[in-house]
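Data block below; observations after.
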Amino acid sequence: MIDSLTEEKIALLADMIRDKFGLDYSSERWKDLRSAVHRYYHDEDTRFKTSREYLEYIISPALKDSDLEQFINRLTIGETFFFRDSKALKVLEYEILRKLSGMGSGINGAVRIWSAACATGEEPYTLAMICRRSGVRSEIFGTDIDSRALIKAREGYYRKWAFRSEDTGFRDVFFKQMGPNSYLIDPSIRDMVNLSRLNLIDAAVPALLCEMDVILCRNVLMYFSSKGVKSVLDKLWECLKPGGWLLVTPSESALLTNHGRFEPVSMNDCLFFRKNERYEPRCALFQVDRHVADEPDFQPSVSGIDFNDESLEEDISFLPELTTATEKKIDAGAVEKEIETIPAETCIDGAEFLRRAFGLRLQGNLSGAVDTYKLILDQDHDRNTRTSAFLGIAGIKADSGFADEAYMWCERAIELDRMNPGAYFLLGQVHLQLGDRDRALSAMRNAAFLDSGFIMAHVMLGNIYHDNGDRNAAMRYFRIAIQELEKVDQGEPVPFSDGTTSGRLLEMVRLILDDLR
């Protein structure tokens, strides 16, 4: 039983994983380790009579590397899709790859690119498709700690869920449909990528991965301990050639700023990091004299609303809870089968329409989801349903890189419901995509004002203030986020976080806050 795994043994397991792999499992997330031990013992290893006996083996000196590898595969999460963050990829293509073509550090001037946490291959194959259509000579490498994910990447079979970018024209060009929900990547694209297993915390990186022109390390740094983040970033620095580029996600940019060795460069409102050996961090940015308590109170700026009006207090108290797709663990395959059985003309209930639209989005059928949301708007549904439809379309547009269109749909949602915190949060994200930090800050403040427990709004406010060089304000919002995160189930996804669990987000925010102190 899971309960038979003592805290003492789980603590030893957590220490071993941190030392060998840099993955930080604090006591709040020990239940994840317990579940992984029990699940692997129960499903795949018949040599042991109990999960406790299996745990004893995992932390013993007799543990074989192959067994440890299989266990670690159960702990890592490779959530990705093709052409994820299309705006940043477009900047990478036009401002970096095309300009480096023929002048890279590879053979005959090939641009050397490394996807350092490639999971099931969507990211490096996306890079290969970009280079193919742009005529960029390239050498592309993908590594991951999860050997099972690498096997799937080499096979090259993907379901519709992997094509969640709204622009799916590349799927018709570079994939062959093998069934109603199965696609095989073109062998010529697959052969452009060299895949191998790598633990980024290992003592040394293979020589093959040195002298890189571009490295992508997205959605992985947040899982490492503070020591692990420094170790990984030091290695990536060494693996880049002078002037080489490192790409991370916006939520991880604060970790790069704290590391201090990479030069931040903004291109078309996207933040990239460059290996500039002459770069000196502008430490003065963080010398903020005033105390956190001295920060002037802000006043949310929402057109047509006076937030000082005491009559609003009662209305705010009755705001519905925020609900997002990430709040529930959903089997995409099961949803797909269920959705196929629901004809559009029978969905007369607003909630049923929204469920259908969400199911289509989950399948990767974004155009179908948008059409369903628009069908809601064409009919006489209540305000909450219509607002959800506006935000559903805005979210799809934003995820697909169409920030201008997403902005329009967010504005229409806010016109309909000016008290919806989720609408302001999404609007803030869109403003960030458009490069308008001041308006993003205002929108995020509105979201946090309308819902003081809106975790991601506080995290994003912390990130924005951190990027602006206001350390005290950043610390303030990161502390609020930690307070809220400590109140919820650590294994549940945080709303509006793209599926990140409370435990993982809590560790990341604590890591950033520790570095700011």
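Ordered as shown in the structure tokens, chains take letters A, B, and onward, while each chain numbers its residues from 1 and ligands are numbered from 1 in the order shown.
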
For Val193 of chain A, work out the shell of residues within 12 Å, counting only C-alpha atoms and skipping chain neighbours fewer than 5 positions away, then give it as JSON, numbers by chain.
{"A": [112, 113, 114, 115, 118, 121, 122, 123, 124, 125, 126, 127, 128, 129, 131, 132, 138, 139, 140, 141, 142, 143, 150, 153, 154, 156, 185, 186, 187, 188]}

Test item: residues at most 12 Å from segment 383-386 of chain A, only C-alpha atoms, excluding those fewer than 2 positions along its chain, as an NGL selection string
:A and (319-323 or 349-355 or 357 or 372-381 or 388-393 or 409-410 or 412-420 or 422-423)

Pull the strand (DSSP E) assignments for segment 61-240 of chain A out of DSSP run on the backbone, and list those residues as a ChimeraX atom specification.
/A:111-115,138-144,157-158,175-179,182-185,193-197,212-216,240

Residues within 10 Å of segment 480-490 of chain A, only C-alpha atoms, excluding chain neighbours under 3 positions, as a VMD selection string:
chain A and resid 28 to 32 452 to 462 475 to 477 493 to 494 501 to 510 513

Selected residues, N, CA, C and O atoms, written as a short mmCIF file (atom, residue, chain, number, x, y, z; two decimals), in the first residue's frame, please.
```
data_model
loop_
_atom_site.label_atom_id
_atom_site.label_comp_id
_atom_site.auth_asym_id
_atom_site.auth_seq_id
_atom_site.Cartn_x
_atom_site.Cartn_y
_atom_site.Cartn_z
N GLU A 28 5.93 18.67 0.19
CA GLU A 28 4.55 18.85 -0.31
C GLU A 28 4.25 17.93 -1.48
O GLU A 28 3.08 17.64 -1.77
N ARG A 29 5.28 17.46 -2.16
CA ARG A 29 5.06 16.62 -3.34
C ARG A 29 5.50 15.18 -3.13
O ARG A 29 5.64 14.42 -4.09
N TRP A 30 5.70 14.80 -1.89
CA TRP A 30 6.10 13.42 -1.64
C TRP A 30 5.02 12.43 -2.05
O TRP A 30 5.30 11.27 -2.35
N LYS A 31 3.78 12.88 -2.04
CA LYS A 31 2.71 11.96 -2.46
C LYS A 31 2.88 11.57 -3.93
O LYS A 31 2.48 10.48 -4.34
N ASP A 32 3.49 12.46 -4.75
CA ASP A 32 3.77 12.12 -6.14
C ASP A 32 4.79 10.99 -6.22
O ASP A 32 4.67 10.09 -7.06
N SER A 452 -8.90 37.82 -5.36
CA SER A 452 -7.65 37.90 -4.60
C SER A 452 -6.94 36.55 -4.51
O SER A 452 -5.76 36.50 -4.19
N GLY A 453 -7.65 35.47 -4.82
CA GLY A 453 -7.03 34.15 -4.80
C GLY A 453 -6.61 33.66 -6.17
O GLY A 453 -6.35 32.47 -6.35
N PHE A 454 -6.54 34.56 -7.15
CA PHE A 454 -6.19 34.20 -8.53
C PHE A 454 -4.67 34.00 -8.59
O PHE A 454 -3.90 34.93 -8.80
N ILE A 455 -4.24 32.75 -8.44
CA ILE A 455 -2.82 32.44 -8.28
C ILE A 455 -1.98 32.91 -9.46
O ILE A 455 -0.95 33.57 -9.30
N MET A 456 -2.40 32.57 -10.68
CA MET A 456 -1.58 32.90 -11.84
C MET A 456 -1.50 34.40 -12.09
O MET A 456 -0.51 34.88 -12.63
N ALA A 457 -2.52 35.15 -11.67
CA ALA A 457 -2.44 36.60 -11.81
C ALA A 457 -1.32 37.14 -10.93
O ALA A 457 -0.55 38.01 -11.35
N HIS A 458 -1.21 36.63 -9.71
CA HIS A 458 -0.13 37.07 -8.81
C HIS A 458 1.23 36.63 -9.35
O HIS A 458 2.21 37.39 -9.25
N VAL A 459 1.31 35.43 -9.90
CA VAL A 459 2.59 34.96 -10.46
C VAL A 459 3.01 35.84 -11.64
O VAL A 459 4.18 36.25 -11.74
N MET A 460 2.06 36.14 -12.52
CA MET A 460 2.39 36.97 -13.67
C MET A 460 2.75 38.39 -13.26
O MET A 460 3.66 39.00 -13.85
N LEU A 461 2.09 38.93 -12.25
CA LEU A 461 2.46 40.25 -11.75
C LEU A 461 3.88 40.23 -11.21
O LEU A 461 4.67 41.16 -11.44
N GLY A 462 4.22 39.16 -10.48
CA GLY A 462 5.59 39.02 -10.00
C GLY A 462 6.58 38.98 -11.13
O GLY A 462 7.64 39.62 -11.08
N MET A 475 8.67 40.57 -5.32
CA MET A 475 8.64 39.73 -4.13
C MET A 475 7.27 39.74 -3.48
O MET A 475 6.79 38.71 -2.99
N ARG A 476 6.64 40.91 -3.49
CA ARG A 476 5.32 41.01 -2.88
C ARG A 476 4.33 40.06 -3.54
O ARG A 476 3.61 39.32 -2.86
N TYR A 477 4.28 40.07 -4.85
CA TYR A 477 3.30 39.24 -5.55
C TYR A 477 3.69 37.76 -5.52
O TYR A 477 2.81 36.89 -5.47
N PRO A 493 -3.89 20.73 -10.94
CA PRO A 493 -3.42 21.79 -11.84
C PRO A 493 -3.93 23.16 -11.38
O PRO A 493 -5.04 23.28 -10.86
N VAL A 494 -3.11 24.16 -11.57
CA VAL A 494 -3.50 25.54 -11.24
C VAL A 494 -4.26 26.13 -12.42
O VAL A 494 -3.78 26.06 -13.55
N THR A 501 0.92 21.73 -11.98
CA THR A 501 0.30 21.45 -10.69
C THR A 501 0.71 22.49 -9.66
O THR A 501 1.73 23.18 -9.79
N SER A 502 -0.08 22.56 -8.62
CA SER A 502 0.20 23.53 -7.56
C SER A 502 1.56 23.28 -6.93
O SER A 502 2.30 24.22 -6.62
N GLY A 503 1.90 22.00 -6.73
CA GLY A 503 3.18 21.67 -6.12
C GLY A 503 4.36 22.13 -6.95
O GLY A 503 5.33 22.70 -6.43
N ARG A 504 4.29 21.89 -8.26
CA ARG A 504 5.40 22.29 -9.13
C ARG A 504 5.51 23.82 -9.21
O ARG A 504 6.60 24.37 -9.20
N LEU A 505 4.36 24.47 -9.32
CA LEU A 505 4.39 25.93 -9.40
C LEU A 505 4.90 26.53 -8.09
O LEU A 505 5.66 27.51 -8.09
N LEU A 506 4.51 25.94 -6.97
CA LEU A 506 4.97 26.42 -5.68
C LEU A 506 6.50 26.35 -5.59
O LEU A 506 7.15 27.29 -5.11
N GLU A 507 7.07 25.25 -6.05
CA GLU A 507 8.52 25.11 -6.01
C GLU A 507 9.21 26.16 -6.89
O GLU A 507 10.23 26.74 -6.51
N MET A 508 8.64 26.40 -8.07
CA MET A 508 9.25 27.36 -8.98
C MET A 508 9.21 28.77 -8.39
O MET A 508 10.20 29.51 -8.43
N VAL A 509 8.06 29.15 -7.82
CA VAL A 509 7.93 30.50 -7.26
C VAL A 509 8.85 30.65 -6.05
O VAL A 509 9.50 31.69 -5.87
N ARG A 510 8.93 29.62 -5.23
CA ARG A 510 9.85 29.69 -4.09
C ARG A 510 11.29 29.84 -4.55
O ARG A 510 12.08 30.59 -3.94
N LEU A 513 11.77 33.42 -5.62
CA LEU A 513 11.75 34.30 -4.46
C LEU A 513 13.05 34.19 -3.65
O LEU A 513 13.60 35.19 -3.19
#
```
